[in-house]
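Participant: Just so it is clear, I am handing over model.cif, which has mmCIF, C-alpha atoms.
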```cif
data_my_file
#
loop_
_atom_site.label_atom_id
_atom_site.label_comp_id
_atom_site.auth_asym_id
_atom_site.auth_seq_id
_atom_site.Cartn_x
_atom_site.Cartn_y
_atom_site.Cartn_z
CA MET A 1 0.00 0.00 0.00
CA ALA A 2 3.05 2.30 0.13
CA ASP A 3 2.55 2.59 -3.62
CA LEU A 4 -0.79 4.30 -2.94
CA ILE A 5 0.91 7.04 -0.95
CA GLU A 6 3.60 7.53 -3.58
CA ARG A 7 1.03 7.74 -6.37
CA ALA A 8 -0.96 10.27 -4.36
CA ARG A 9 2.17 12.35 -3.75
CA ALA A 10 3.09 12.38 -7.43
CA PHE A 11 -0.48 13.08 -8.53
CA ALA A 12 -0.96 15.97 -6.11
CA THR A 13 2.44 17.50 -6.83
CA ARG A 14 1.77 17.47 -10.59
CA ALA A 15 -1.73 18.88 -10.17
CA HIS A 16 -0.52 21.87 -8.16
CA GLN A 17 2.55 22.36 -10.36
CA ARG A 18 0.38 22.59 -13.47
CA ILE A 19 -1.12 25.81 -12.17
CA ASP A 20 2.19 26.89 -10.60
CA GLN A 21 0.55 27.13 -7.20
CA ARG A 22 2.87 28.35 -4.48
CA ARG A 23 2.68 29.13 -0.79
CA LYS A 24 1.32 32.63 -0.41
CA TYR A 25 3.96 34.09 1.91
CA SER A 26 7.14 32.15 1.16
CA GLY A 27 6.68 31.55 -2.56
CA GLN A 28 7.69 27.92 -2.07
CA PRO A 29 6.16 25.23 -4.29
CA TYR A 30 2.80 24.17 -2.88
CA ASP A 31 3.94 20.62 -2.29
CA VAL A 32 5.95 21.94 0.68
CA HIS A 33 2.64 22.37 2.47
CA LEU A 34 1.30 19.04 1.24
CA ARG A 35 4.39 17.22 2.50
CA ALA A 36 4.13 18.91 5.89
CA VAL A 37 0.50 17.83 6.26
CA ALA A 38 1.21 14.29 5.05
CA ASP A 39 4.18 13.93 7.42
CA LEU A 40 2.04 15.04 10.37
CA VAL A 41 -0.64 12.52 9.47
CA ALA A 42 1.95 9.76 8.94
CA SER A 43 3.35 10.46 12.40
CA VAL A 44 0.05 9.39 13.99
CA SER A 45 -1.48 7.01 11.43
CA GLU A 46 -0.26 4.01 9.44
CA ASP A 47 -3.38 3.99 7.27
CA PRO A 48 -2.28 4.48 3.63
CA GLU A 49 -5.61 5.96 2.52
CA THR A 50 -5.46 8.64 5.21
CA VAL A 51 -1.87 9.62 4.34
CA ALA A 52 -2.77 9.63 0.63
CA ALA A 53 -5.73 11.91 1.37
CA ALA A 54 -3.35 14.24 3.19
CA TRP A 55 -1.35 14.66 0.00
CA LEU A 56 -4.52 15.16 -2.01
CA HIS A 57 -6.59 17.26 0.40
CA ASP A 58 -6.45 20.48 -1.67
CA VAL A 59 -6.52 19.18 -5.23
CA VAL A 60 -10.28 19.46 -5.75
CA GLU A 61 -10.49 22.96 -4.25
CA ASP A 62 -7.40 24.39 -5.96
CA THR A 63 -6.87 22.54 -9.25
CA ALA A 64 -8.86 21.13 -12.14
CA VAL A 65 -8.98 17.68 -10.53
CA THR A 66 -12.48 16.43 -9.73
CA LEU A 67 -13.75 13.93 -7.22
CA ASP A 68 -14.53 11.65 -10.14
CA ASP A 69 -10.85 11.81 -11.14
CA LEU A 70 -9.87 10.71 -7.65
CA GLN A 71 -12.42 7.90 -7.73
CA ARG A 72 -10.84 6.57 -10.90
CA GLU A 73 -7.25 7.03 -9.75
CA PHE A 74 -7.41 5.99 -6.11
CA GLY A 75 -10.74 4.31 -5.42
CA PRO A 76 -13.72 5.21 -3.23
CA GLY A 77 -11.86 5.24 0.09
CA VAL A 78 -9.44 8.04 -0.80
CA GLN A 79 -12.09 9.84 -2.84
CA SER A 80 -14.47 9.89 0.10
CA LEU A 81 -11.81 11.27 2.46
CA VAL A 82 -10.90 14.09 0.08
CA GLU A 83 -14.58 14.88 -0.43
CA GLN A 84 -14.96 15.27 3.33
CA LEU A 85 -11.96 17.63 3.32
CA THR A 86 -13.23 19.77 0.46
CA ASP A 87 -15.21 22.93 1.21
CA VAL A 88 -18.81 22.88 0.02
CA SER A 89 -19.79 26.53 0.45
CA ARG A 90 -20.79 28.72 -2.49
CA PRO A 91 -20.79 32.51 -2.99
CA SER A 92 -24.57 32.48 -2.66
CA HIS A 93 -24.22 31.39 0.95
CA GLY A 94 -23.16 34.93 1.88
CA ASN A 95 -20.07 36.59 3.31
CA ARG A 96 -16.91 34.86 4.50
CA ALA A 97 -18.31 34.16 7.96
CA ALA A 98 -21.46 32.56 6.53
CA ARG A 99 -19.47 30.45 4.09
CA LYS A 100 -17.07 29.31 6.78
CA GLU A 101 -19.98 28.21 8.92
CA VAL A 102 -21.36 26.11 6.05
CA ASP A 103 -17.94 24.50 5.63
CA ARG A 104 -17.59 23.98 9.38
CA GLN A 105 -20.87 22.10 9.47
CA HIS A 106 -19.60 19.96 6.60
CA THR A 107 -16.38 19.25 8.51
CA SER A 108 -18.35 18.36 11.64
CA ARG A 109 -19.88 15.43 9.77
CA ALA A 110 -16.52 14.12 8.53
CA SER A 111 -15.04 10.80 9.62
CA PRO A 112 -12.32 10.58 12.29
CA ARG A 113 -9.75 9.88 9.55
CA ALA A 114 -10.71 13.01 7.62
CA LYS A 115 -10.70 15.08 10.81
CA THR A 116 -7.16 13.89 11.51
CA VAL A 117 -6.05 15.25 8.13
CA LYS A 118 -7.88 18.50 8.79
CA LEU A 119 -6.06 18.91 12.11
CA ALA A 120 -2.71 18.48 10.36
CA ASP A 121 -3.76 21.04 7.73
CA LEU A 122 -4.75 23.53 10.43
CA ILE A 123 -1.46 23.08 12.28
CA ASP A 124 0.68 23.81 9.24
CA ASN A 125 -1.47 26.71 8.04
CA CYS A 126 -1.59 28.24 11.52
CA GLN A 127 2.18 28.25 11.80
CA ASP A 128 2.61 29.81 8.34
CA ILE A 129 -0.10 32.46 8.60
CA THR A 130 0.75 33.59 12.13
CA ARG A 131 4.42 33.93 11.25
CA HIS A 132 3.86 36.00 8.11
CA ASP A 133 0.51 37.80 8.37
CA PRO A 134 -0.51 38.82 11.92
CA ARG A 135 -3.46 40.87 10.66
CA PHE A 136 -5.14 37.99 8.85
CA ALA A 137 -3.97 35.56 11.51
CA ARG A 138 -6.50 37.02 13.91
CA VAL A 139 -9.30 36.11 11.51
CA PHE A 140 -7.79 32.70 10.84
CA LEU A 141 -7.43 31.92 14.54
CA GLN A 142 -11.11 32.65 15.12
CA GLU A 143 -12.03 30.30 12.29
CA MET A 144 -9.57 27.70 13.56
CA GLU A 145 -11.17 27.85 17.01
CA ALA A 146 -14.58 27.14 15.51
CA LEU A 147 -13.16 24.20 13.56
CA LEU A 148 -11.39 22.71 16.56
CA ALA A 149 -14.77 22.53 18.27
CA VAL A 150 -15.92 19.95 15.70
CA LEU A 151 -12.65 18.03 15.27
CA GLY A 152 -12.72 16.13 18.54
CA GLU A 153 -12.93 12.77 16.79
CA GLY A 154 -9.61 13.34 15.02
CA ASP A 155 -6.32 12.00 16.37
CA GLU A 156 -6.00 13.08 20.01
CA ARG A 157 -2.29 13.92 19.67
CA LEU A 158 -2.84 16.25 16.74
CA LEU A 159 -5.91 17.72 18.44
CA GLN A 160 -3.90 18.63 21.53
CA ARG A 161 -1.09 20.00 19.39
CA ALA A 162 -3.52 22.12 17.40
CA ARG A 163 -5.14 23.49 20.57
CA SER A 164 -1.77 24.31 22.08
CA LEU A 165 -0.59 26.00 18.89
CA HIS A 166 -3.83 27.97 18.62
CA ALA A 167 -3.53 29.20 22.19
CA ASP A 168 0.13 30.11 21.75
CA CYS A 169 -0.49 32.04 18.53
CA LEU A 170 -3.44 33.82 20.10
CA ARG A 171 -1.29 34.92 23.03
CA ARG A 172 1.47 36.18 20.75
CA LEU A 173 -0.98 38.18 18.66
CA ARG A 174 -3.09 39.56 21.50
CA PRO A 175 -0.77 42.44 22.54
CA ALA A 176 -1.17 43.96 19.11
CA ALA A 177 -4.84 43.12 18.86
CA THR A 178 -6.24 44.72 21.98
CA ALA A 179 -5.58 47.92 23.85
CA PRO A 180 -4.70 46.28 27.21
CA GLY A 181 -2.35 43.81 25.55
CA PRO A 182 0.81 44.89 27.45
CA ILE A 183 -0.82 43.59 30.63
CA ASP A 184 -0.54 40.14 29.12
CA ASP A 185 3.19 40.60 28.69
CA GLY A 186 3.49 41.55 32.32
CA LEU A 187 1.60 38.49 33.45
CA GLN A 188 3.61 36.28 31.17
CA THR A 189 6.86 37.56 32.66
CA LEU A 190 5.81 37.44 36.28
CA MET A 191 4.00 34.14 36.49
CA PRO A 192 6.89 31.88 35.32
CA GLU A 193 9.02 33.16 38.20
CA LEU A 194 6.76 31.13 40.46
CA ALA A 195 6.91 27.96 38.38
CA GLY A 196 7.61 24.89 40.42
CA ALA A 197 6.49 26.47 43.65
CA ARG A 198 4.37 24.23 45.85
CA ILE A 199 1.58 26.79 45.93
CA VAL A 200 1.33 26.62 42.14
CA ARG A 201 0.96 22.85 42.28
CA VAL A 202 -1.81 23.31 44.82
CA PHE A 203 -3.63 25.70 42.52
CA ARG A 204 -3.21 23.41 39.54
CA GLU A 205 -4.26 20.19 41.23
CA SER A 206 -6.55 20.99 44.15
CA PHE A 207 -9.30 22.97 42.42
CA THR A 208 -11.07 21.01 39.70
CA ALA A 209 -14.14 20.87 37.51
CA GLY A 210 -15.56 18.25 39.85
CA ASP A 211 -15.79 20.85 42.61
CA ILE A 212 -18.19 23.18 40.81
CA PHE A 213 -20.23 21.32 38.19
CA ASP A 214 -24.00 20.88 38.33
CA HIS A 215 -25.38 17.45 37.56
CA LEU A 216 -26.70 17.40 34.01
CA VAL A 217 -30.39 16.48 33.95
CA SER A 218 -31.20 14.75 30.67
CA PHE A 219 -34.27 13.78 28.64
CA ASP A 220 -34.93 11.53 25.67
CA ALA A 221 -34.30 13.51 22.51
CA ASP A 222 -37.41 12.16 20.77
CA ARG A 223 -39.77 13.78 23.32
CA ALA A 224 -41.71 16.87 22.26
CA GLU A 225 -40.17 20.30 22.72
CA ALA A 226 -43.16 21.45 24.74
CA GLU A 227 -42.85 18.55 27.16
CA ILE A 228 -39.14 19.07 27.77
CA ALA A 229 -39.56 22.84 27.99
CA GLY A 230 -42.19 22.35 30.69
CA LYS A 231 -39.98 20.01 32.70
CA MET A 232 -36.97 22.30 32.40
CA THR A 233 -39.05 25.26 33.54
CA ALA A 234 -40.41 23.33 36.51
CA GLN A 235 -36.90 22.24 37.54
CA ARG A 236 -35.38 25.66 36.83
CA LEU A 237 -32.95 24.26 34.28
CA GLY A 238 -31.36 26.55 31.76
CA ILE A 239 -29.53 23.66 30.09
CA ALA A 240 -30.40 19.98 29.80
CA GLY A 241 -28.82 16.97 28.17
CA LEU A 242 -30.54 15.03 25.42
CA ARG A 243 -30.33 11.24 25.26
CA VAL A 244 -30.19 9.13 22.13
CA ASP A 245 -30.37 5.35 22.65
CA GLY A 246 -29.97 5.89 26.38
CA ALA A 247 -26.77 7.94 26.23
CA VAL A 248 -26.36 11.73 26.41
CA ARG A 249 -25.39 12.84 22.92
CA GLY A 250 -26.20 16.54 22.97
CA TRP A 251 -27.70 19.40 24.88
CA VAL A 252 -30.33 22.08 24.57
CA ARG A 253 -31.06 25.48 26.09
CA LEU A 254 -34.47 26.21 27.52
CA ALA A 255 -34.36 29.56 25.72
CA ASP A 256 -34.14 27.74 22.36
CA LEU A 257 -37.24 25.59 22.88
CA GLN A 258 -40.72 26.38 21.64
CA PRO A 259 -43.09 25.77 24.58
CA ASP A 260 -46.02 24.99 22.27
CA SER A 261 -44.21 22.75 19.77
CA ASN A 262 -44.87 19.02 19.50
CA ALA A 263 -41.83 18.48 17.28
CA PRO A 264 -39.16 16.17 18.68
CA CYS A 265 -36.60 18.02 20.75
CA GLU A 266 -33.84 16.30 18.82
CA GLN A 267 -34.14 18.96 16.12
CA ARG A 268 -32.91 21.54 18.65
CA MET A 269 -30.05 19.38 19.93
CA GLN A 270 -26.54 20.80 19.92
CA PRO A 271 -23.73 18.25 19.88
CA ILE A 272 -21.38 17.95 22.82
CA SER A 273 -17.93 18.25 21.31
CA ALA A 274 -14.70 16.88 22.72
CA SER A 275 -13.31 20.41 23.00
CA GLN A 276 -16.28 21.31 25.20
CA THR A 277 -15.88 18.35 27.56
CA LEU A 278 -13.47 17.84 30.45
CA PRO A 279 -13.03 15.06 33.00
CA SER A 280 -14.14 15.88 36.52
CA ARG A 281 -10.51 16.00 37.64
CA ALA A 282 -9.60 18.73 35.12
CA PRO A 283 -8.13 21.85 36.77
CA LEU A 284 -10.14 25.03 36.90
CA PHE A 285 -7.92 26.87 34.46
CA ASP A 286 -8.92 24.26 31.85
CA VAL A 287 -12.55 24.96 32.68
CA VAL A 288 -12.03 28.67 32.10
CA GLY A 289 -10.27 27.82 28.85
CA VAL A 290 -13.35 25.94 27.62
CA LEU A 291 -15.61 28.75 28.78
CA THR A 292 -13.67 31.25 26.70
CA ARG A 293 -14.90 29.34 23.64
CA HIS A 294 -18.29 28.06 24.74
CA ASP A 295 -21.22 29.14 26.87
CA CYS A 296 -20.86 26.02 28.97
CA CYS A 297 -18.39 23.26 29.74
CA PHE A 298 -19.49 19.64 30.13
CA VAL A 299 -17.99 17.25 32.68
CA SER A 300 -17.48 13.57 32.00
CA ALA A 301 -16.77 10.48 34.09
CA ALA A 302 -16.24 6.95 32.77
CA ASP A 303 -16.81 8.23 29.21
CA ALA A 304 -20.27 9.57 30.10
CA VAL A 305 -21.31 13.22 30.36
CA ILE A 306 -22.53 13.75 33.92
CA GLY A 307 -22.35 17.48 34.57
CA VAL A 308 -22.38 20.98 33.17
CA ILE A 309 -20.58 24.18 34.11
CA PRO A 310 -22.10 27.36 32.64
CA ARG A 311 -19.93 30.44 32.38
CA GLU A 312 -21.84 31.96 35.29
CA ALA A 313 -20.27 29.29 37.51
CA VAL A 314 -17.12 31.39 37.60
CA ASN A 315 -18.98 33.32 40.30
CA HIS A 316 -18.97 30.15 42.45
CA PRO A 317 -17.37 30.86 45.89
CA LEU A 318 -14.63 28.29 45.29
CA VAL A 319 -13.70 29.84 41.95
CA ARG A 320 -13.66 33.28 43.50
CA MET A 321 -11.30 32.05 46.20
CA TRP A 322 -9.10 30.43 43.55
CA LEU A 323 -8.94 33.63 41.49
CA PHE A 324 -8.09 35.67 44.56
CA GLY A 325 -5.19 33.31 45.14
CA ALA A 326 -4.07 33.77 41.54
CA LEU A 327 -4.00 37.53 42.08
CA THR A 328 -1.84 36.91 45.13
CA LEU A 329 0.58 34.97 42.95
CA TYR A 330 0.74 37.96 40.64
CA GLU A 331 1.60 40.26 43.55
CA MET A 332 4.29 37.83 44.68
CA GLY A 333 5.87 38.20 41.26
CA LEU A 334 5.78 41.99 41.55
CA VAL A 335 7.51 41.89 44.93
CA ARG A 336 10.26 39.66 43.57
CA LEU A 337 10.95 42.08 40.75
CA ILE A 338 10.97 45.08 43.08
CA ARG A 339 13.40 43.43 45.46
CA SER A 340 15.76 42.49 42.67
CA HIS A 341 15.79 45.99 41.14
CA PHE A 342 15.80 48.05 44.37
CA PRO A 343 18.63 46.65 46.52
CA ALA A 344 18.82 47.49 50.22
CA ASP A 345 15.19 48.67 50.28
CA ALA A 346 16.01 51.61 48.02
CA TRP A 347 12.38 51.52 46.89
CA GLN A 348 11.40 53.42 50.06
CA ALA A 349 12.73 56.64 48.53
CA VAL A 350 10.14 56.39 45.75
CA LEU A 351 6.98 56.32 47.87
CA THR A 352 5.52 59.28 49.72
CA PRO A 353 5.86 59.40 53.53
CA SER A 354 2.13 58.86 53.93
CA ARG A 355 2.20 55.65 51.87
CA LEU A 356 5.19 54.38 53.84
CA GLU A 357 3.45 55.22 57.10
CA LYS A 358 0.39 53.17 56.11
CA ALA A 359 2.66 50.22 55.32
CA ARG A 360 4.43 50.57 58.69
CA GLU A 361 1.11 50.68 60.52
CA LEU A 362 0.09 47.42 58.88
CA GLN A 363 3.49 45.90 59.65
CA GLN A 364 3.15 46.83 63.32
CA GLU A 365 -0.34 45.37 63.50
CA ARG A 366 0.93 42.09 62.06
CA LEU A 367 3.81 42.06 64.54
CA ARG A 368 1.34 42.61 67.35
CA ARG A 369 -0.40 39.46 66.17
CA ASN A 370 2.95 37.66 66.11
CA ARG A 371 3.02 37.61 62.30
CA HIS A 372 6.38 38.84 61.09
CA SER A 373 6.22 40.71 57.77
CA GLU A 374 8.75 42.70 55.80
CA LEU A 375 7.72 46.25 55.01
CA ILE A 376 7.47 45.60 51.29
CA ASP A 377 4.90 42.89 51.97
CA CYS A 378 2.70 45.47 53.70
CA LEU A 379 2.43 47.78 50.70
CA GLN A 380 -0.85 48.21 48.86
CA PHE A 381 -1.14 46.81 45.35
CA ALA A 382 -1.14 50.35 43.90
CA ASP A 383 2.11 51.09 45.76
CA LYS A 384 3.79 48.07 44.19
CA VAL A 385 2.70 49.15 40.74
CA GLN A 386 4.01 52.67 41.42
CA LEU A 387 7.41 51.16 42.19
CA VAL A 388 7.29 49.19 38.97
CA GLN A 389 6.53 52.38 37.04
CA ALA A 390 9.44 54.16 38.70
CA HIS A 391 12.04 51.70 37.43
CA PRO A 392 12.63 51.64 33.65
CA SER A 393 14.23 48.20 33.77
CA ILE A 394 11.19 46.67 35.44
CA MET A 395 8.92 48.37 32.94
CA ALA A 396 11.03 46.96 30.12
CA THR A 397 11.07 43.51 31.71
CA LEU A 398 7.30 43.50 31.83
CA GLY A 399 6.93 44.92 28.34
CA LEU A 400 5.06 47.97 29.66
CA SER A 401 5.48 50.92 27.34
CA SER A 402 4.19 53.72 29.58
CA LYS A 403 2.84 54.66 32.98
CA ARG A 404 -0.59 54.76 31.40
CA VAL A 405 -0.33 51.03 30.84
CA GLY A 406 0.69 50.58 34.46
CA LYS A 407 -2.38 52.50 35.56
CA GLN A 408 -4.48 50.22 33.40
CA ILE A 409 -3.02 47.25 35.26
CA VAL A 410 -4.08 48.78 38.55
CA LYS A 411 -7.54 49.58 37.24
CA ASP A 412 -8.24 46.16 35.76
CA LEU A 413 -6.75 43.95 38.45
CA GLU A 414 -8.06 46.04 41.32
CA SER A 415 -11.47 45.86 39.67
CA LEU A 416 -11.25 42.07 39.68
CA ARG A 417 -10.02 42.04 43.27
CA ASN A 418 -12.80 44.37 44.47
CA HIS A 419 -15.52 42.45 42.67
CA LEU A 420 -14.19 39.22 44.19
CA VAL A 421 -14.20 40.68 47.68
CA HIS A 422 -17.65 42.25 47.37
CA ALA A 423 -19.30 39.29 45.63
CA GLN A 424 -20.01 41.21 42.44
CA ASP A 425 -20.57 39.47 39.10
CA ILE A 426 -17.02 38.97 37.81
CA VAL A 427 -18.23 37.35 34.59
CA ALA A 428 -20.01 40.54 33.60
CA HIS A 429 -17.28 42.90 34.76
CA ASP A 430 -13.91 41.15 34.65
CA TRP A 431 -14.05 38.26 32.21
CA VAL A 432 -10.95 39.37 30.25
CA GLN A 433 -8.89 39.55 33.43
CA VAL A 434 -10.18 36.14 34.52
CA ILE A 435 -9.01 34.70 31.23
CA ARG A 436 -5.60 36.34 31.47
CA ILE A 437 -4.93 35.30 35.03
CA THR A 438 -5.99 31.68 34.45
CA GLN A 439 -4.10 31.38 31.16
CA ARG A 440 -0.87 32.35 32.85
CA LEU A 441 -1.53 30.05 35.79
CA GLY A 442 -2.17 27.22 33.37
CA GLU A 443 1.19 27.75 31.66
CA LEU A 444 3.26 27.23 34.79
CA ASP A 445 5.34 24.06 35.12
CA PRO A 446 4.03 22.30 38.26
CA ARG A 447 7.03 20.01 38.65
#
```
What does the file become when written as structure tokens?
Facilitator:
Amino acid sequence: MADLIERARAFATRAHQRIDQRRKYSGQPYDVHLRAVADLVASVSEDPETVAAAWLHDVVEDTAVTLDDLQREFGPGVQSLVEQLTDVSRPSHGNRAARKEVDRQHTSRASPRAKTVKLADLIDNCQDITRHDPRFARVFLQEMEALLAVLGEGDERLLQRARSLHADCLRRLRPAATAPGPIDDGLQTLMPELAGARIVRVFRESFTAGDIFDHLVSFDADRAEAEIAGKMTAQRLGIAGLRVDGAVRGWVRLADLQPDSNAPCEQRMQPISASQTLPSRAPLFDVVGVLTRHDCCFVSAADAVIGVIPREAVNHPLVRMWLFGALTLYEMGLVRLIRSHFPADAWQAVLTPSRLEKARELQQERLRRNRHSELIDCLQFADKVQLVQAHPSIMATLGLSSKRVGKQIVKDLESLRNHLVHAQDIVAHDWVQVIRITQRLGELDPR
């Protein structure tokens, strides 16, 4: 069957060479991309048809080759795989977003083998586009995120690699994409200083999805919308699972149901994707990661979906406590930087006497309670940021371009802290900061 792969390679290379197709940014022959995709697929699959389809995945979209040609040359197996990998949208479907959604739905129905090829294609394209075209990369990464949500049946190793690459590219692009981007750089610099600390391992391992999920109530998908809507209303359920052949296969929102419809609820069912599902032992930062892409995260045990975590669950007391601890980790990083750049407590000359006096008062109170504290540990968060702003080297280390950016740090993180303390809705007010804090926490090496 190695001959099948070689024939596919030669066929695809000739087809793209005939139209002199090249990689957009590098100008390299197009088979450079095809080889990269095929090599990725071959690294996780020994199936010749799947590797052959990797070589051929773009020939129908980009060249004069038809699916009938592939049927004649390579048989129905390869032809079917390439068909699943070929976009089906038309100009009449609307703008780019509408067309991409049509193609995404097509991809969602593909076989696991075809989804494995698609994952390899996304990985290579993501690397190329992000490296050469940051502006378009932001659009591509949004589209890639939507595709990853339906590629859960593809090879798990490539799926994890694609998710990791997507997250990494998104982080690298974000500083240029959003006004508060420099804050991300600061977090990225500070958090790794704490890598390996026991407290980080506690945060990674002790707080999990299993601590905050709600049990997922489910109904048979063939029951009428009106019936299920009535039961969900009576039980105050915003989300319910839908069972097919006794197993939960999808979910539905109460808001999407027609309370007077006798149609089977299955027509409203949304699939539960692998990217939307975590085991109960998954750490909270993974939960937040899912909730950045979806309205809810599903929890599984023994290969069965048993629970649901809506985004609003971030307001759960345990999550609030966890986030407050993450903010404390951030402050610990600030203190380390200040100490290293202001030897012999030289930082005291920067603060006003009144700010120093407040810190001394707190230090004395802690001593009275037999809790020894250094003066720097008694400073307010705003004082620590002021010290950061006063030292150009610290500003440069954190990637902060101006004092205005430093003030934005204070505003955003103090907002999160205050809303945590006063039990305000942090999802409505501080979601971006929640994402940033948890992303950095998730990147730390717990060893």
Participant: Apply the PyMOL selection byres ((chain A and resi 81) around 8) to the displayed file and report the matching residues as a list in words.
Facilitator: Thr50, Ala53, Gly77, Val78, Gln79, Ser80, Val82, Glu83, Gln84, Leu85, Ser111, Arg113 and Ala114 of chain A
Participant: To test your reading of the syntax: which residues would the PyMOL selection byres ((chain A and resi 295) around 7) return for the file shown? Reply as a ChimeraX atom specification.
Facilitator: /A:291,294,296,310-311
Participant: Could you tell me which residues the PyMOL selection byres ((chain A and resi 257) around 10) returns for this structure, as an NGL selection string?
Facilitator: :A and (224-230 or 252-256 or 258-261 or 265 or 267-269)
Participant: Please provide the set of residues having any atom within 8 Å of stretch 422-427 of chain A, restricted to all atoms listed in the file, with same-chain residues fewer than 3 positions apart removed, written as a list in words.
Facilitator: Arg311, Glu312, Val314, Asn315, Leu416, Asn418, His419, Asp430 and Trp431 of chain A
Participant: Expressed in Å to a single decimal, how great is the separation between atom CA of A:Arg281 and atom CA of A:His215?
Facilitator: 14.9 Å
Participant: Between A:Ala221, A:Val299, A:Ala382, A:Ala110, single out the one closest to A:Glu153, counting all atoms listed in the file.
Facilitator: A:Ala110
Participant: Quick one, how far is atom CA of A:Val51 from atom CA of A:Leu4?
Facilitator: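 Taking atom CA of A:Val51 and atom CA of A:Leu4, their separation equals 9.1 Å.
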Participant: Using only C-alpha atoms and a cutoff of 9 Å, can you tell me which residues are near (11.4, 37.9, 49.0) in the file's coordinates, and write them out as a ChimeraX atom specification?
Facilitator: /A:332,335-336,339-340,374,376-377
Participant: May I have the residues at most 7 Å from (-6.9, 20.5, 14.2) in the file's coordinates, counting only C-alpha atoms, as a PyMOL selection string?
Facilitator: chain A and resi 118-120+122-123+148+151+158-159+162
Participant: So which one's closest to A:His391, A:Ile239, A:Ala12, A:Ala346, A:Arg35? Using all atoms listed in the file, please.
Facilitator: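 For A:His391, the nearest of the candidates is A:Ala346.
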Participant: Which distance in Å separates atom CA of A:Glu46 and atom CA of A:Ala2, to one decimal?
Facilitator: 10.0 Å
